[in-house]
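All remarks here apply to the structure that follows.
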Amino acid sequence: MNIKRILLTLSLSLIMSGCSNVSSSNVPDLPISQQTKGRIYIINSDFITNVKYTELGKVKANARYGYDSVVTLYPLLAEEARKIVANAILDLYGGLTVTAFSWGSPYTGGTAIVVENIEQLKKYDVEVY
């Protein structure tokens, strides 16, 4: 009886934990009071010139389920960038991968940066989150 209950509990916890999107970065999160509260610019251009910026680290987001596009994860990616005080993300990558609950779950990532003059990004293909 106890083994059935344990197996049922483990199965349910595995299913519940597998049904969420996740994000991470290779830089420790800052306290909420120090995190960026403004817009995050996601730069779709492969190459930017004449823009001064400081690289903070890598950020990524992925879905553990579903068949959405990579773009649906951009808000989650932007939220991860806010945690490390970035105001833009460049060097984007992404695609679809097989997960435990889907044959084509999206994933994405990029380099979180702080752009000194955010107005310089207006000439590039950017999305704002």
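Letters A, B, ... mark the chains of the structure tokens in the order given; residue numbers begin at 1 per chain; ligand numbers begin at 1, in order shown.
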
### Task
Could you give me, as a list in words, the residues within 10 Å of Thr97 in chain A, counting only C-alpha atoms and dropping anything in the same chain fewer than 5 positions from it?
Asn62, Ala63, Arg64, Tyr65, Tyr67, Ser102, Trp103, Gly104, Ser105, Pro106 and Tyr107 of chain A

### Task
Step one, run DSSP on the backbone; step two, keep only residues of range 11-116 of chain A assigned to strand (DSSP E); then write them as a ChimeraX atom specification.
/A:21-25,41-43,53-63,88-99,102-115

Write the residues of the preceding selection, restricted to C-alpha atoms, as a compact mmCIF listing (two decimals), in the first residue's frame.
```
# COMPACT_ATOMS: atom_id res chain seq x y z
CA ASN A 21 8.90 26.77 -18.58
CA VAL A 22 12.32 27.42 -17.09
CA SER A 23 14.97 30.09 -17.43
CA SER A 24 18.47 30.57 -16.13
CA SER A 25 21.66 32.56 -16.46
CA TYR A 41 15.55 45.03 -25.93
CA ILE A 42 16.02 41.74 -27.74
CA ILE A 43 18.28 42.37 -30.72
CA TYR A 53 27.81 47.90 -24.26
CA THR A 54 29.03 45.75 -21.40
CA GLU A 55 28.51 42.00 -21.53
CA LEU A 56 27.03 40.55 -18.32
CA GLY A 57 26.59 36.87 -19.11
CA LYS A 58 24.47 34.27 -20.86
CA VAL A 59 20.72 33.88 -20.36
CA LYS A 60 18.47 31.11 -21.61
CA ALA A 61 14.89 29.92 -21.46
CA ASN A 62 13.20 26.72 -22.53
CA ALA A 63 9.82 25.08 -22.48
CA ALA A 88 19.31 44.15 -23.86
CA ILE A 89 20.03 40.68 -25.21
CA LEU A 90 22.04 39.90 -28.35
CA ASP A 91 23.59 36.84 -30.02
CA LEU A 92 20.24 35.07 -29.94
CA TYR A 93 19.95 31.39 -30.69
CA GLY A 94 17.08 28.98 -30.43
CA GLY A 95 15.12 26.17 -31.92
CA LEU A 96 13.09 23.12 -31.00
CA THR A 97 14.15 20.12 -28.97
CA VAL A 98 12.70 16.87 -27.73
CA THR A 99 11.64 16.85 -24.07
CA SER A 102 6.96 17.04 -26.32
CA TRP A 103 8.68 16.25 -29.59
CA GLY A 104 9.27 19.92 -30.32
CA SER A 105 9.61 22.20 -27.30
CA PRO A 106 11.17 25.61 -27.96
CA TYR A 107 14.39 26.85 -26.40
CA THR A 108 16.27 30.12 -26.74
CA GLY A 109 19.17 32.05 -25.26
CA GLY A 110 21.57 34.88 -25.81
CA THR A 111 24.06 37.26 -24.25
CA ALA A 112 22.72 39.73 -21.67
CA ILE A 113 24.25 43.18 -22.04
CA VAL A 114 23.97 46.72 -20.72
CA VAL A 115 23.81 49.25 -23.56
```

### Message
Under the rule that only C-alpha atoms are counted, which of A:Ile48, A:Ile118, A:Ile40, A:Leu73 is the nearest residue to Asn87 in chain A?
### Response
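The closest residue to Asn87 in chain A is A:Ile40.
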
### Query
Looking at only C-alpha atoms, which of A:Glu80, A:Pro75, A:Asn50, A:Asn44 is the one that sits closest to Asp29 in chain A?
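Closest to Asp29 in chain A of all the choices is A:Glu80.
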
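Each of A:Arg5, A:Ala86, A:Ser45, A:Ser69 was compared to Glu116 in chain A using only C-alpha atoms, and A:Ala86 turns out to be the nearest.
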
### Task
Can you work out the spacing between CA of Lys37 in chain A and CA of Arg82 in chain A in Å, to one decimal?
6.8 Å

Identify, with DSSP run on backbone atoms, the residues in chain A assigned to helix (DSSP H, G or I), and express the list as a CSV table (one decimal) with N, CA and C atoms, in the first residue's frame.
```
chain,number,residue,atom,x,y,z
A,2,ASN,N,1.9,1.3,0.8
A,2,ASN,CA,2.8,2.4,0.9
A,2,ASN,C,3.6,2.6,-0.4
A,3,ILE,N,3.9,1.5,-1.0
A,3,ILE,CA,4.7,1.6,-2.3
A,3,ILE,C,3.8,2.2,-3.4
A,4,LYS,N,2.6,1.9,-3.4
A,4,LYS,CA,1.7,2.5,-4.4
A,4,LYS,C,1.5,4.0,-4.2
A,5,ARG,N,1.4,4.3,-3.0
A,5,ARG,CA,1.3,5.7,-2.6
A,5,ARG,C,2.5,6.5,-3.0
A,6,ILE,N,3.7,6.0,-2.7
A,6,ILE,CA,4.9,6.6,-3.0
A,6,ILE,C,5.1,6.7,-4.5
A,7,LEU,N,4.8,5.7,-5.3
A,7,LEU,CA,4.9,5.7,-6.7
A,7,LEU,C,3.9,6.7,-7.3
A,8,LEU,N,2.7,6.8,-6.8
A,8,LEU,CA,1.7,7.8,-7.3
A,8,LEU,C,2.2,9.2,-7.0
A,9,THR,N,2.8,9.4,-5.8
A,9,THR,CA,3.3,10.8,-5.4
A,9,THR,C,4.5,11.2,-6.3
A,10,LEU,N,5.4,10.2,-6.6
A,10,LEU,CA,6.5,10.5,-7.4
A,10,LEU,C,6.1,10.8,-8.9
A,11,SER,N,5.1,10.0,-9.3
A,11,SER,CA,4.6,10.2,-10.7
A,11,SER,C,4.0,11.6,-10.9
A,12,LEU,N,3.1,12.0,-9.9
A,12,LEU,CA,2.5,13.3,-10.0
A,12,LEU,C,3.5,14.4,-9.8
A,13,SER,N,4.4,14.3,-9.0
A,13,SER,CA,5.4,15.4,-8.9
A,13,SER,C,6.3,15.5,-10.1
A,14,LEU,N,6.6,14.4,-10.8
A,14,LEU,CA,7.3,14.4,-12.0
A,14,LEU,C,6.5,15.1,-13.1
A,15,ILE,N,5.2,14.8,-13.2
A,15,ILE,CA,4.4,15.4,-14.2
A,15,ILE,C,4.2,16.9,-13.9
A,16,MET,N,4.0,17.3,-12.7
A,16,MET,CA,3.8,18.7,-12.3
A,16,MET,C,5.1,19.5,-12.6
A,17,SER,N,6.2,19.0,-12.2
A,17,SER,CA,7.5,19.7,-12.5
A,17,SER,C,7.8,19.8,-13.9
A,32,ILE,N,15.9,41.8,-5.6
A,32,ILE,CA,14.9,42.4,-6.4
A,32,ILE,C,15.0,43.9,-6.4
A,33,SER,N,15.4,44.6,-5.4
A,33,SER,CA,15.6,46.0,-5.4
A,33,SER,C,16.6,46.5,-6.4
A,34,GLN,N,17.6,45.7,-6.8
A,34,GLN,CA,18.6,46.1,-7.7
A,34,GLN,C,18.4,45.6,-9.1
A,70,VAL,N,9.9,29.9,-30.7
A,70,VAL,CA,10.9,30.4,-29.8
A,70,VAL,C,10.5,31.8,-29.3
A,71,VAL,N,9.8,32.6,-30.1
A,71,VAL,CA,9.4,33.9,-29.7
A,71,VAL,C,8.5,33.9,-28.5
A,72,THR,N,7.8,32.9,-28.3
A,72,THR,CA,6.9,32.8,-27.1
A,72,THR,C,7.7,32.8,-25.8
A,73,LEU,N,9.0,32.5,-25.9
A,73,LEU,CA,9.9,32.4,-24.7
A,73,LEU,C,10.6,33.7,-24.4
A,74,TYR,N,10.5,34.7,-25.4
A,74,TYR,CA,11.2,36.0,-25.2
A,74,TYR,C,10.8,36.7,-23.9
A,75,PRO,N,9.6,36.7,-23.5
A,75,PRO,CA,9.3,37.4,-22.2
A,75,PRO,C,10.0,36.7,-21.0
A,76,LEU,N,10.1,35.4,-21.0
A,76,LEU,CA,10.8,34.7,-20.0
A,76,LEU,C,12.3,35.0,-20.1
A,77,LEU,N,12.8,35.1,-21.3
A,77,LEU,CA,14.2,35.5,-21.5
A,77,LEU,C,14.5,36.9,-21.0
A,78,ALA,N,13.6,37.8,-21.3
A,78,ALA,CA,13.7,39.2,-20.8
A,78,ALA,C,13.7,39.2,-19.3
A,79,GLU,N,12.8,38.5,-18.7
A,79,GLU,CA,12.7,38.4,-17.2
A,79,GLU,C,14.1,38.0,-16.6
A,80,GLU,N,14.7,37.0,-17.2
A,80,GLU,CA,16.0,36.5,-16.7
A,80,GLU,C,17.0,37.6,-16.9
A,81,ALA,N,17.0,38.4,-17.9
A,81,ALA,CA,17.9,39.4,-18.1
A,81,ALA,C,17.8,40.5,-17.1
A,82,ARG,N,16.5,40.8,-16.7
A,82,ARG,CA,16.2,41.8,-15.7
A,82,ARG,C,16.9,41.4,-14.3
A,83,LYS,N,16.9,40.1,-14.1
A,83,LYS,CA,17.5,39.7,-12.8
A,83,LYS,C,19.0,39.9,-12.6
A,118,ILE,N,20.7,53.5,-25.1
A,118,ILE,CA,19.7,52.6,-25.7
A,118,ILE,C,19.1,53.1,-27.0
A,119,GLU,N,19.1,54.4,-27.2
A,119,GLU,CA,18.6,55.0,-28.5
A,119,GLU,C,19.3,54.5,-29.7
A,120,GLN,N,20.6,54.1,-29.6
A,120,GLN,CA,21.3,53.6,-30.7
A,120,GLN,C,20.8,52.3,-31.2
A,121,LEU,N,20.0,51.6,-30.5
A,121,LEU,CA,19.4,50.3,-30.9
A,121,LEU,C,18.2,50.5,-31.9
A,122,LYS,N,17.7,51.7,-32.0
A,122,LYS,CA,16.5,51.9,-32.8
A,122,LYS,C,16.7,51.6,-34.3
A,123,LYS,N,18.0,51.6,-34.8
A,123,LYS,CA,18.2,51.4,-36.2
A,123,LYS,C,18.4,49.9,-36.5
```

### Task
Tell me, in Å to one decimal, how far CA of Val128 in chain A is from CA of Asp46 in chain A.
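Spanning CA of Val128 in chain A to CA of Asp46 in chain A is a straight-line distance of 16.8 Å.
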